[in-house]
Amino acid sequence: MSAAKYIFVTGGVTSSLGKGIISASLAKLLQARGYKVTIQKFDPYINVDPGTLNPYEHGECYVTNDGAETDLDLGHYERFLNVPTSQANNVTTGRIYQTVINKEREGAFLGKTVQIIPHITDEIKRRMLLLGETGEYEIVITEIGGTVGDIESLPYVETVRQLKWELGSSCLSIHLTLIPYLAAAGELKTKPTQHSVKALLELGVQPDILVCRTEHSITSEIRRKIALFCNVNVNAVIESIDAETIYDVPILMYKEQLDKVVLNKLKLPLQHEPELEQWKIFLGKLKNPVNEVKIGLVGKYIELKDAYKSINEAIIHAGVANECRVKLEWIHSEKIDKENVQSRLNGLNGILVAPGFGDRGIEGKISAIQYARENNIPFFGICLGMQCAVIEFGRNILGWTDAHSTEMSPNTKHAVIDFMEEQKKITKKGGTMRLGEYSCNLVKGSRAAAVYGKSKISERHRHRYEFNNKFLKDYEDAGMFASGINPDGNLVEIVELKNHPWFVGVQFHPEYKSTVENPHPLFVKFIRAAMDKSKQVV
Ligand code: GLN
């Protein structure tokens, strides 16, 4: 058995209590005390990965360096810890069953009846322990998606029960619950928490620590009551009060001594007080900005902000780096057209056109880009946003009115964005995109090279279509340059305009790599350009 310690985080009462943020905050505190920590998420749905899920269902699909399409919580883990995650950090029920069924087909179970216990739970267990066995981490935090009591969560909770038995004091379980406030009674209520813990106990798991999400501070009397009913120590009843920003949560958890309680229970030394100086400086700047800019985010999932989670956070990081409050205006691309674009985008200091798939809202994105280009407004296009910039330039500068991507217009003569040859053979949907980290050479003297301050970068991808090199010369002759090229496939990764204050489109997703410690240079410089623009306005 490995020497790593394991922490399991389950949730009760309702979803959306912030398990991901609590897990990331605890990990941050343990890391700040000198421990090597990682976090993984086990999701109880049957999809093999969230790559095929509509953002309306599940928010953004996050992508790791090694090309895993994952739950958006992994983005929080990376942003808080500044350590990359991988394929192994996100596992779904679909993946577990796929592995077990494949093994069954290979005859690996030697004629046995294949069952949830032990075969599915063994596979869950194997994957839960995997990262701890690499020797890279001292503590592995496992967040279990869903809510205790869901049919789908049962095999996971059962595996936690088995592991608690096998690992003894090398593991512990944290249960997140809700303490609702009943306005009519003027009281915080503990009963849902008691019920939730009872549901866990029925499955054989006694939580060691309860993290109680609440809108109002919980009194010591309430803590004692919860401790009494749920068989935990009073100091293991942790308050998780609503915070102004998710970046406050590590500090709040520190005040509640969550890290201390965890380390004591795992019989690990406290080492030193958490080193949170940088984090506090970040928070200070976040809360006390000196400047302000207004950025328009043009996308088609505007109703659901989780669909652009990493972009939102990368903008926050970049704002802090510039000591600037970024007021983000969410603009629905379907609601923009040639006639209203001026009135809708008026007053913005920068325009970011978001990634996406499919036809919906595409013309609105193109109109927004034309507006940014013609009015010298800083423009940042990400993935589909970059592709739209290429289409816009093709139509309005090169005069090809049918310029389009073959994703939306398969038979256009000016397929300026086209399907990559090697992708044509693929008929399956899941995991068939250009995914994960690819290298990119930056052209000397370009804006991109200046932004990054180096000549070779690598960034994460998630797309099928590419700039069509057949048209590159026309574009460059007319003023749109390819300033970043993937050396292996000669693929255009970055386009930019020379005669514009800041016009950059990237085929990759820089937002996935932005962290509190390392805000992404493209976002930082985009916000800087928007600040310059805002000074021109006044
Ligand atoms: N739909 C485009 C493609 O597949 C862009 C994808 C994206 O924006 N992530 O190439």
# chains A, B, ... in the order shown; residues from 1 in each chain; ligands from 1
>>> residues_near_ligand(ligand="ligand 1", cutoff="6 Å", atoms="only C-alpha atoms and all ligand atoms", output="PDB file with all heavy atoms, in the first residue's frame")
ATOM      1  N   PRO A 355     -14.894  30.819 -27.455  1.00  0.00           N
ATOM      2  CA  PRO A 355     -14.891  29.567 -28.205  1.00  0.00           C
ATOM      3  C   PRO A 355     -16.308  29.040 -28.377  1.00  0.00           C
ATOM      4  O   PRO A 355     -17.242  29.553 -27.746  1.00  0.00           O
ATOM      5  CB  PRO A 355     -14.113  28.608 -27.302  1.00  0.00           C
ATOM      6  CG  PRO A 355     -13.537  29.418 -26.209  1.00  0.00           C
ATOM      7  CD  PRO A 355     -14.300  30.678 -26.124  1.00  0.00           C
ATOM      8  N   GLY A 356     -16.458  28.034 -29.205  1.00  0.00           N
ATOM      9  CA  GLY A 356     -17.775  27.432 -29.359  1.00  0.00           C
ATOM     10  C   GLY A 356     -17.835  26.472 -30.526  1.00  0.00           C
ATOM     11  O   GLY A 356     -16.862  26.323 -31.275  1.00  0.00           O
ATOM     12  N   PHE A 357     -18.978  25.848 -30.674  1.00  0.00           N
ATOM     13  CA  PHE A 357     -19.195  24.879 -31.739  1.00  0.00           C
ATOM     14  C   PHE A 357     -20.521  25.198 -32.427  1.00  0.00           C
ATOM     15  O   PHE A 357     -21.470  25.635 -31.779  1.00  0.00           O
ATOM     16  CB  PHE A 357     -19.238  23.462 -31.162  1.00  0.00           C
ATOM     17  CG  PHE A 357     -17.906  23.043 -30.597  1.00  0.00           C
ATOM     18  CD1 PHE A 357     -17.536  23.408 -29.310  1.00  0.00           C
ATOM     19  CD2 PHE A 357     -17.010  22.311 -31.364  1.00  0.00           C
ATOM     20  CE1 PHE A 357     -16.295  23.057 -28.790  1.00  0.00           C
ATOM     21  CE2 PHE A 357     -15.779  21.956 -30.857  1.00  0.00           C
ATOM     22  CZ  PHE A 357     -15.419  22.324 -29.569  1.00  0.00           C
ATOM     23  N   CYS A 383     -10.133  30.416 -30.039  1.00  0.00           N
ATOM     24  CA  CYS A 383     -10.571  29.236 -30.774  1.00  0.00           C
ATOM     25  C   CYS A 383     -11.623  29.627 -31.823  1.00  0.00           C
ATOM     26  O   CYS A 383     -11.256  30.240 -32.815  1.00  0.00           O
ATOM     27  CB  CYS A 383     -11.043  28.151 -29.816  1.00  0.00           C
ATOM     28  SG  CYS A 383     -10.806  26.512 -30.518  1.00  0.00           S
ATOM     29  N   LEU A 384     -12.895  29.341 -31.607  1.00  0.00           N
ATOM     30  CA  LEU A 384     -13.885  29.769 -32.601  1.00  0.00           C
ATOM     31  C   LEU A 384     -13.821  31.292 -32.790  1.00  0.00           C
ATOM     32  O   LEU A 384     -14.051  31.791 -33.885  1.00  0.00           O
ATOM     33  CB  LEU A 384     -15.298  29.341 -32.178  1.00  0.00           C
ATOM     34  CG  LEU A 384     -16.403  29.672 -33.177  1.00  0.00           C
ATOM     35  CD1 LEU A 384     -16.204  28.965 -34.502  1.00  0.00           C
ATOM     36  CD2 LEU A 384     -17.772  29.310 -32.604  1.00  0.00           C
ATOM     37  N   ARG A 462      -8.581  22.431 -28.146  1.00  0.00           N
ATOM     38  CA  ARG A 462      -9.805  21.614 -28.180  1.00  0.00           C
ATOM     39  C   ARG A 462     -10.646  22.054 -29.379  1.00  0.00           C
ATOM     40  O   ARG A 462     -11.532  22.884 -29.256  1.00  0.00           O
ATOM     41  CB  ARG A 462     -10.603  21.789 -26.881  1.00  0.00           C
ATOM     42  CG  ARG A 462     -11.853  20.918 -26.853  1.00  0.00           C
ATOM     43  CD  ARG A 462     -12.537  20.954 -25.506  1.00  0.00           C
ATOM     44  NE  ARG A 462     -13.622  20.014 -25.471  1.00  0.00           N
ATOM     45  CZ  ARG A 462     -14.912  20.347 -25.518  1.00  0.00           C
ATOM     46  NH1 ARG A 462     -15.270  21.616 -25.592  1.00  0.00           N
ATOM     47  NH2 ARG A 462     -15.834  19.413 -25.486  1.00  0.00           N
ATOM     48  N   HIS A 463     -10.306  21.515 -30.528  1.00  0.00           N
ATOM     49  CA  HIS A 463     -11.023  21.911 -31.751  1.00  0.00           C
ATOM     50  C   HIS A 463     -10.787  20.887 -32.847  1.00  0.00           C
ATOM     51  O   HIS A 463      -9.899  20.043 -32.757  1.00  0.00           O
ATOM     52  CB  HIS A 463     -10.541  23.290 -32.209  1.00  0.00           C
ATOM     53  CG  HIS A 463      -9.080  23.343 -32.506  1.00  0.00           C
ATOM     54  ND1 HIS A 463      -8.585  23.389 -33.776  1.00  0.00           N
ATOM     55  CD2 HIS A 463      -7.999  23.304 -31.683  1.00  0.00           C
ATOM     56  CE1 HIS A 463      -7.259  23.403 -33.726  1.00  0.00           C
ATOM     57  NE2 HIS A 463      -6.886  23.344 -32.464  1.00  0.00           N
ATOM     58  N   ARG A 464     -11.577  21.014 -33.906  1.00  0.00           N
ATOM     59  CA  ARG A 464     -11.413  20.127 -35.065  1.00  0.00           C
ATOM     60  C   ARG A 464     -10.906  20.885 -36.285  1.00  0.00           C
ATOM     61  O   ARG A 464     -10.231  20.340 -37.117  1.00  0.00           O
ATOM     62  CB  ARG A 464     -12.758  19.504 -35.446  1.00  0.00           C
ATOM     63  CG  ARG A 464     -13.293  18.531 -34.442  1.00  0.00           C
ATOM     64  CD  ARG A 464     -14.411  17.662 -35.000  1.00  0.00           C
ATOM     65  NE  ARG A 464     -14.770  16.666 -33.999  1.00  0.00           N
ATOM     66  CZ  ARG A 464     -15.601  16.898 -32.992  1.00  0.00           C
ATOM     67  NH1 ARG A 464     -16.178  18.069 -32.871  1.00  0.00           N
ATOM     68  NH2 ARG A 464     -15.854  15.960 -32.101  1.00  0.00           N
ATOM     69  N   TYR A 465     -11.272  22.147 -36.388  1.00  0.00           N
ATOM     70  CA  TYR A 465     -10.998  22.912 -37.619  1.00  0.00           C
ATOM     71  C   TYR A 465      -9.755  23.783 -37.444  1.00  0.00           C
ATOM     72  O   TYR A 465      -9.348  24.095 -36.320  1.00  0.00           O
ATOM     73  CB  TYR A 465     -12.224  23.754 -37.983  1.00  0.00           C
ATOM     74  CG  TYR A 465     -13.417  22.875 -38.299  1.00  0.00           C
ATOM     75  CD1 TYR A 465     -14.217  22.366 -37.273  1.00  0.00           C
ATOM     76  CD2 TYR A 465     -13.703  22.511 -39.599  1.00  0.00           C
ATOM     77  CE1 TYR A 465     -15.288  21.529 -37.556  1.00  0.00           C
ATOM     78  CE2 TYR A 465     -14.764  21.676 -39.891  1.00  0.00           C
ATOM     79  CZ  TYR A 465     -15.561  21.186 -38.865  1.00  0.00           C
ATOM     80  OH  TYR A 465     -16.610  20.350 -39.150  1.00  0.00           O
TER      81      TYR A 465
END
>>> residues_around(residues="A:Ala318", least_positions_apart="2", cutoff="9 Å", atoms="only C-alpha atoms", output="PDB file with N, CA, C and O atoms, in the first residue's frame")
ATOM      1  N   GLU A 313     -12.235  33.386 -15.077  1.00  0.00           N
ATOM      2  CA  GLU A 313     -11.189  33.397 -14.032  1.00  0.00           C
ATOM      3  C   GLU A 313      -9.888  33.991 -14.579  1.00  0.00           C
ATOM      4  O   GLU A 313      -9.202  34.747 -13.880  1.00  0.00           O
ATOM      5  N   ALA A 314      -9.556  33.652 -15.835  1.00  0.00           N
ATOM      6  CA  ALA A 314      -8.313  34.196 -16.424  1.00  0.00           C
ATOM      7  C   ALA A 314      -8.397  35.721 -16.496  1.00  0.00           C
ATOM      8  O   ALA A 314      -7.397  36.421 -16.292  1.00  0.00           O
ATOM      9  N   ILE A 315      -9.594  36.233 -16.749  1.00  0.00           N
ATOM     10  CA  ILE A 315      -9.776  37.691 -16.795  1.00  0.00           C
ATOM     11  C   ILE A 315      -9.596  38.282 -15.394  1.00  0.00           C
ATOM     12  O   ILE A 315      -8.987  39.335 -15.215  1.00  0.00           O
ATOM     13  N   ILE A 316     -10.098  37.572 -14.396  1.00  0.00           N
ATOM     14  CA  ILE A 316      -9.903  38.044 -13.008  1.00  0.00           C
ATOM     15  C   ILE A 316      -8.397  38.088 -12.690  1.00  0.00           C
ATOM     16  O   ILE A 316      -7.890  39.079 -12.163  1.00  0.00           O
ATOM     17  N   VAL A 320      -6.199  41.499 -11.819  1.00  0.00           N
ATOM     18  CA  VAL A 320      -5.374  41.671 -10.617  1.00  0.00           C
ATOM     19  C   VAL A 320      -3.948  42.047 -11.014  1.00  0.00           C
ATOM     20  O   VAL A 320      -3.349  42.956 -10.429  1.00  0.00           O
ATOM     21  N   ALA A 321      -3.429  41.372 -12.037  1.00  0.00           N
ATOM     22  CA  ALA A 321      -2.050  41.665 -12.465  1.00  0.00           C
ATOM     23  C   ALA A 321      -1.909  43.121 -12.896  1.00  0.00           C
ATOM     24  O   ALA A 321      -0.828  43.705 -12.796  1.00  0.00           O
ATOM     25  N   ASN A 322      -3.010  43.709 -13.356  1.00  0.00           N
ATOM     26  CA  ASN A 322      -2.984  45.115 -13.782  1.00  0.00           C
ATOM     27  C   ASN A 322      -3.587  46.059 -12.743  1.00  0.00           C
ATOM     28  O   ASN A 322      -3.819  47.236 -13.038  1.00  0.00           O
ATOM     29  N   GLU A 323      -3.891  45.511 -11.559  1.00  0.00           N
ATOM     30  CA  GLU A 323      -4.576  46.269 -10.497  1.00  0.00           C
ATOM     31  C   GLU A 323      -5.811  46.978 -11.055  1.00  0.00           C
ATOM     32  O   GLU A 323      -6.019  48.181 -10.864  1.00  0.00           O
ATOM     33  N   CYS A 324      -6.572  46.208 -11.771  1.00  0.00           N
ATOM     34  CA  CYS A 324      -7.679  46.782 -12.525  1.00  0.00           C
ATOM     35  C   CYS A 324      -8.944  45.946 -12.308  1.00  0.00           C
ATOM     36  O   CYS A 324      -8.899  44.719 -12.386  1.00  0.00           O
ATOM     37  N   VAL A 326     -12.124  44.471 -13.723  1.00  0.00           N
ATOM     38  CA  VAL A 326     -12.642  44.224 -15.062  1.00  0.00           C
ATOM     39  C   VAL A 326     -14.140  44.002 -14.951  1.00  0.00           C
ATOM     40  O   VAL A 326     -14.597  43.052 -14.318  1.00  0.00           O
ATOM     41  N   SER A 514      -4.189  29.756 -17.114  1.00  0.00           N
ATOM     42  CA  SER A 514      -4.036  30.909 -16.224  1.00  0.00           C
ATOM     43  C   SER A 514      -4.294  30.484 -14.780  1.00  0.00           C
ATOM     44  O   SER A 514      -5.289  29.823 -14.491  1.00  0.00           O
ATOM     45  N   PRO A 519      -0.786  34.411 -13.903  1.00  0.00           N
ATOM     46  CA  PRO A 519      -1.825  34.914 -14.811  1.00  0.00           C
ATOM     47  C   PRO A 519      -1.313  34.813 -16.248  1.00  0.00           C
ATOM     48  O   PRO A 519      -0.120  35.005 -16.487  1.00  0.00           O
ATOM     49  N   HIS A 520      -2.205  34.507 -17.171  1.00  0.00           N
ATOM     50  CA  HIS A 520      -1.733  34.266 -18.535  1.00  0.00           C
ATOM     51  C   HIS A 520      -1.365  35.567 -19.237  1.00  0.00           C
ATOM     52  O   HIS A 520      -2.151  36.517 -19.250  1.00  0.00           O
ATOM     53  N   PRO A 521      -0.156  35.604 -19.859  1.00  0.00           N
ATOM     54  CA  PRO A 521       0.309  36.862 -20.472  1.00  0.00           C
ATOM     55  C   PRO A 521      -0.652  37.421 -21.531  1.00  0.00           C
ATOM     56  O   PRO A 521      -0.782  38.641 -21.651  1.00  0.00           O
ATOM     57  N   LEU A 522      -1.319  36.551 -22.291  1.00  0.00           N
ATOM     58  CA  LEU A 522      -2.230  37.080 -23.324  1.00  0.00           C
ATOM     59  C   LEU A 522      -3.391  37.832 -22.686  1.00  0.00           C
ATOM     60  O   LEU A 522      -3.801  38.897 -23.158  1.00  0.00           O
ATOM     61  N   PHE A 523      -3.919  37.278 -21.598  1.00  0.00           N
ATOM     62  CA  PHE A 523      -5.009  37.973 -20.900  1.00  0.00           C
ATOM     63  C   PHE A 523      -4.485  39.253 -20.243  1.00  0.00           C
ATOM     64  O   PHE A 523      -5.144  40.290 -20.269  1.00  0.00           O
ATOM     65  N   VAL A 524      -3.307  39.163 -19.640  1.00  0.00           N
ATOM     66  CA  VAL A 524      -2.748  40.328 -18.952  1.00  0.00           C
ATOM     67  C   VAL A 524      -2.555  41.479 -19.942  1.00  0.00           C
ATOM     68  O   VAL A 524      -2.935  42.626 -19.674  1.00  0.00           O
ATOM     69  N   LYS A 525      -2.009  41.156 -21.111  1.00  0.00           N
ATOM     70  CA  LYS A 525      -1.721  42.214 -22.083  1.00  0.00           C
ATOM     71  C   LYS A 525      -3.005  42.702 -22.766  1.00  0.00           C
ATOM     72  O   LYS A 525      -3.097  43.871 -23.161  1.00  0.00           O
ATOM     73  N   PHE A 526      -3.968  41.824 -22.896  1.00  0.00           N
ATOM     74  CA  PHE A 526      -5.265  42.239 -23.462  1.00  0.00           C
ATOM     75  C   PHE A 526      -5.932  43.261 -22.531  1.00  0.00           C
ATOM     76  O   PHE A 526      -6.411  44.311 -22.967  1.00  0.00           O
ATOM     77  N   ILE A 527      -5.901  42.975 -21.245  1.00  0.00           N
ATOM     78  CA  ILE A 527      -6.495  43.913 -20.276  1.00  0.00           C
ATOM     79  C   ILE A 527      -5.709  45.223 -20.271  1.00  0.00           C
ATOM     80  O   ILE A 527      -6.282  46.320 -20.194  1.00  0.00           O
ATOM     81  N   ARG A 528      -4.377  45.098 -20.394  1.00  0.00           N
ATOM     82  CA  ARG A 528      -3.545  46.311 -20.458  1.00  0.00           C
ATOM     83  C   ARG A 528      -3.962  47.173 -21.660  1.00  0.00           C
ATOM     84  O   ARG A 528      -4.113  48.388 -21.556  1.00  0.00           O
TER      85      ARG A 528
END
>>> closest_residue(among="A:Ala27, A:Ala529, A:Val516, A:Ala227", to="A:Ile377", atoms="only C-alpha atoms")
A:Ala529
>>> select_by_dssp(residues="stretch 430-484 of chain A", states="strand (DSSP E)", output="JSON, numbers by chain")
{"A": [434, 435, 436, 437, 438, 439, 440, 441, 442, 456, 457, 458, 459, 460, 461, 462, 463, 465, 466, 467, 480, 481, 482, 483, 484]}
>>> select_by_dssp(residues="stretch 263-388 of chain A", states="alpha helix (DSSP H)", output="ChimeraX atom specification")
/A:263-265,277-287,309-321,341-345,362-374,384-388
>>> atom_distance(atom1="atom CA of A:Ala448", atom2="atom CA of A:Asn499")
14.4 Å
>>> residues_around(residues="A:Leu352", least_positions_apart="5", cutoff="9 Å", atoms="only C-alpha atoms", output="list in words")
Ile295, Gly296, Leu297, Val298, Gly299, Ile369, Pro378, Phe379, Phe380, Gly381, Ile382 and Gly385 of chain A
>>> residues_around(residues="A:Ile144", least_positions_apart="6", cutoff="10 Å", atoms="only C-alpha atoms", output="tab-separated table (two decimals) with all heavy atoms, in the first residue's frame")
chain	number	residue	atom	x	y	z
A	8	PHE	N	-11.31	12.02	1.25
A	8	PHE	CA	-12.48	11.90	0.38
A	8	PHE	C	-13.49	12.99	0.72
A	8	PHE	O	-13.80	13.19	1.89
A	8	PHE	CB	-13.12	10.52	0.52
A	8	PHE	CG	-12.16	9.42	0.13
A	8	PHE	CD1	-11.47	8.70	1.09
A	8	PHE	CD2	-11.92	9.17	-1.21
A	8	PHE	CE1	-10.56	7.74	0.73
A	8	PHE	CE2	-11.01	8.20	-1.59
A	8	PHE	CZ	-10.32	7.48	-0.61
A	9	VAL	N	-13.97	13.66	-0.30
A	9	VAL	CA	-14.93	14.75	-0.07
A	9	VAL	C	-16.26	14.38	-0.72
A	9	VAL	O	-16.33	14.19	-1.94
A	9	VAL	CB	-14.41	16.08	-0.65
A	9	VAL	CG1	-15.38	17.21	-0.36
A	9	VAL	CG2	-13.02	16.41	-0.09
A	10	THR	N	-17.27	14.25	0.11
A	10	THR	CA	-18.61	13.97	-0.42
A	10	THR	C	-19.51	15.17	-0.13
A	10	THR	O	-19.18	16.02	0.70
A	10	THR	CB	-19.23	12.73	0.26
A	10	THR	OG1	-19.18	12.93	1.68
A	10	THR	CG2	-18.50	11.46	-0.12
A	11	GLY	N	-20.66	15.19	-0.79
A	11	GLY	CA	-21.59	16.29	-0.56
A	11	GLY	C	-22.97	15.76	-0.22
A	11	GLY	O	-23.36	14.69	-0.68
A	19	LYS	N	-18.19	21.95	-3.41
A	19	LYS	CA	-17.20	20.91	-3.06
A	19	LYS	C	-15.86	21.14	-3.73
A	19	LYS	O	-14.81	20.95	-3.13
A	19	LYS	CB	-17.72	19.53	-3.52
A	19	LYS	CG	-18.57	18.81	-2.51
A	19	LYS	CD	-18.78	17.37	-2.93
A	19	LYS	CE	-19.25	17.23	-4.33
A	19	LYS	NZ	-20.54	16.81	-4.65
A	20	GLY	N	-15.93	21.56	-5.01
A	20	GLY	CA	-14.70	21.77	-5.77
A	20	GLY	C	-13.85	22.87	-5.15
A	20	GLY	O	-12.63	22.74	-5.05
A	40	GLN	N	-8.39	14.96	-7.26
A	40	GLN	CA	-9.03	14.29	-8.39
A	40	GLN	C	-10.53	14.30	-8.19
A	40	GLN	O	-11.03	14.41	-7.08
A	40	GLN	CB	-8.50	12.86	-8.54
A	40	GLN	CG	-8.60	12.02	-7.28
A	40	GLN	CD	-7.91	10.68	-7.41
A	40	GLN	OE1	-7.35	10.36	-8.44
A	40	GLN	NE2	-7.96	9.88	-6.36
A	41	LYS	N	-11.25	14.18	-9.30
A	41	LYS	CA	-12.70	14.21	-9.22
A	41	LYS	C	-13.29	12.96	-9.84
A	41	LYS	O	-12.92	12.59	-10.95
A	41	LYS	CB	-13.21	15.46	-9.95
A	41	LYS	CG	-14.71	15.48	-10.05
A	41	LYS	CD	-15.30	16.79	-9.64
A	41	LYS	CE	-16.79	16.69	-9.44
A	41	LYS	NZ	-17.51	17.82	-9.96
A	42	PHE	N	-14.19	12.33	-9.11
A	42	PHE	CA	-14.92	11.17	-9.63
A	42	PHE	C	-16.36	11.58	-9.87
A	42	PHE	O	-17.05	11.99	-8.94
A	42	PHE	CB	-14.82	10.00	-8.63
A	42	PHE	CG	-13.49	9.29	-8.72
A	42	PHE	CD1	-12.33	9.97	-8.43
A	42	PHE	CD2	-13.42	7.96	-9.11
A	42	PHE	CE1	-11.08	9.33	-8.53
A	42	PHE	CE2	-12.18	7.32	-9.22
A	42	PHE	CZ	-11.02	8.00	-8.93
A	43	ASP	N	-16.78	11.49	-11.13
A	43	ASP	CA	-18.12	11.94	-11.50
A	43	ASP	C	-19.02	10.74	-11.78
A	43	ASP	O	-18.67	9.88	-12.57
A	43	ASP	CB	-18.06	12.82	-12.74
A	43	ASP	CG	-17.74	14.27	-12.39
A	43	ASP	OD1	-18.38	14.79	-11.47
A	43	ASP	OD2	-16.86	14.85	-13.04
A	44	PRO	N	-20.20	10.73	-11.16
A	44	PRO	CA	-21.05	9.54	-11.27
A	44	PRO	C	-21.86	9.41	-12.57
A	44	PRO	O	-22.68	8.53	-12.63
A	44	PRO	CB	-22.01	9.68	-10.07
A	44	PRO	CG	-21.55	10.84	-9.29
A	44	PRO	CD	-20.73	11.69	-10.18
A	91	VAL	N	-12.32	10.99	-13.37
A	91	VAL	CA	-12.82	9.66	-13.74
A	91	VAL	C	-14.34	9.70	-13.68
A	91	VAL	O	-14.90	10.27	-12.75
A	91	VAL	CB	-12.27	8.60	-12.76
A	91	VAL	CG1	-12.83	7.23	-13.07
A	91	VAL	CG2	-10.74	8.57	-12.80
A	92	THR	N	-14.99	9.08	-14.65
A	92	THR	CA	-16.45	9.02	-14.62
A	92	THR	C	-16.90	7.57	-14.49
A	92	THR	O	-16.13	6.65	-14.75
A	92	THR	CB	-17.06	9.59	-15.92
A	92	THR	OG1	-16.75	8.67	-16.97
A	92	THR	CG2	-16.53	10.96	-16.26
A	153	SER	N	-24.31	7.57	-7.04
A	153	SER	CA	-23.13	7.75	-6.19
A	153	SER	C	-22.80	6.52	-5.36
A	153	SER	O	-21.72	6.43	-4.77
A	153	SER	CB	-23.36	8.91	-5.21
A	153	SER	OG	-23.69	10.07	-5.88
A	156	TYR	N	-19.43	4.68	-5.41
A	156	TYR	CA	-18.31	5.50	-4.93
A	156	TYR	C	-18.28	5.54	-3.41
A	156	TYR	O	-17.23	5.42	-2.79
A	156	TYR	CB	-18.41	6.93	-5.50
A	156	TYR	CG	-18.25	6.93	-6.99
A	156	TYR	CD1	-19.35	6.95	-7.83
A	156	TYR	CD2	-16.99	6.86	-7.56
A	156	TYR	CE1	-19.20	6.93	-9.20
A	156	TYR	CE2	-16.82	6.83	-8.94
A	156	TYR	CZ	-17.94	6.86	-9.75
A	156	TYR	OH	-17.79	6.82	-11.10
A	157	VAL	N	-19.44	5.74	-2.81
A	157	VAL	CA	-19.48	5.80	-1.34
A	157	VAL	C	-19.10	4.43	-0.77
A	157	VAL	O	-18.37	4.33	0.21
A	157	VAL	CB	-20.88	6.25	-0.85
A	157	VAL	CG1	-20.92	6.30	0.68
A	157	VAL	CG2	-21.23	7.63	-1.42
A	160	VAL	N	-15.45	4.22	-0.80
A	160	VAL	CA	-14.88	5.00	0.32
A	160	VAL	C	-15.00	4.19	1.61
A	160	VAL	O	-14.07	4.12	2.42
A	160	VAL	CB	-15.59	6.37	0.45
A	160	VAL	CG1	-15.14	7.09	1.72
A	160	VAL	CG2	-15.32	7.24	-0.77
>>> residues_around(residues="A:Asn441", least_positions_apart="3", cutoff="6 Å", atoms="only C-alpha atoms", output="list of chain:residue names")
A:Ser455, A:Lys456, A:Gly484, A:Ile485
>>> write_last_selection(atoms="C-alpha atoms", output="PDB file, in the first residue's frame")
ATOM      1  CA  SER A 455       9.862  32.324 -29.050  1.00  0.00           C
ATOM      2  CA  LYS A 456       8.478  28.895 -28.207  1.00  0.00           C
ATOM      3  CA  GLY A 484       2.303  31.530 -34.101  1.00  0.00           C
ATOM      4  CA  ILE A 485       2.840  28.276 -35.988  1.00  0.00           C
TER       5      ILE A 485
END
>>> residues_around(residues="A:Ala24", least_positions_apart="2", cutoff="9 Å", atoms="only C-alpha atoms", output="ChimeraX atom specification")
/A:19-22,26-29,39,73,76-81,141,250
>>> residues_around(residues="A:Asp259", least_positions_apart="2", cutoff="8 Å", atoms="only C-alpha atoms", output="compact mmCIF listing (two decimals) with C-alpha atoms, in the first residue's frame")
# COMPACT_ATOMS: atom_id res chain seq x y z
CA LEU A 26 -7.96 22.65 1.50
CA LEU A 29 -3.61 25.22 2.57
CA LEU A 30 -1.88 21.85 2.71
CA MET A 253 -10.83 27.65 5.76
CA TYR A 254 -7.57 28.59 7.42
CA GLN A 257 -8.49 25.54 10.99
CA VAL A 261 -7.91 19.36 11.85
CA VAL A 262 -7.14 17.38 8.68
CA LEU A 263 -3.43 17.02 9.43
>>> atom_distance(atom1="atom CA of A:Thr38", atom2="atom CA of A:Ser196")
26.8 Å
>>> closest_residue(among="A:Asn65, A:Arg223, A:Val390, A:Leu167", to="A:Lys189", atoms="only C-alpha atoms")
A:Arg223
>>> closest_residue(among="A:Ala389, A:Leu203, A:Ile139, A:Val197", to="A:Thr159", atoms="only C-alpha atoms")
A:Leu203
>>> closest_residue(among="A:Val148, A:Leu74, A:Val416, A:Ile362", to="A:Leu200", atoms="only C-alpha atoms")
A:Val148
>>> atom_distance(atom1="atom CA of A:Ala32", atom2="atom CA of A:Pro274")
4.4 Å
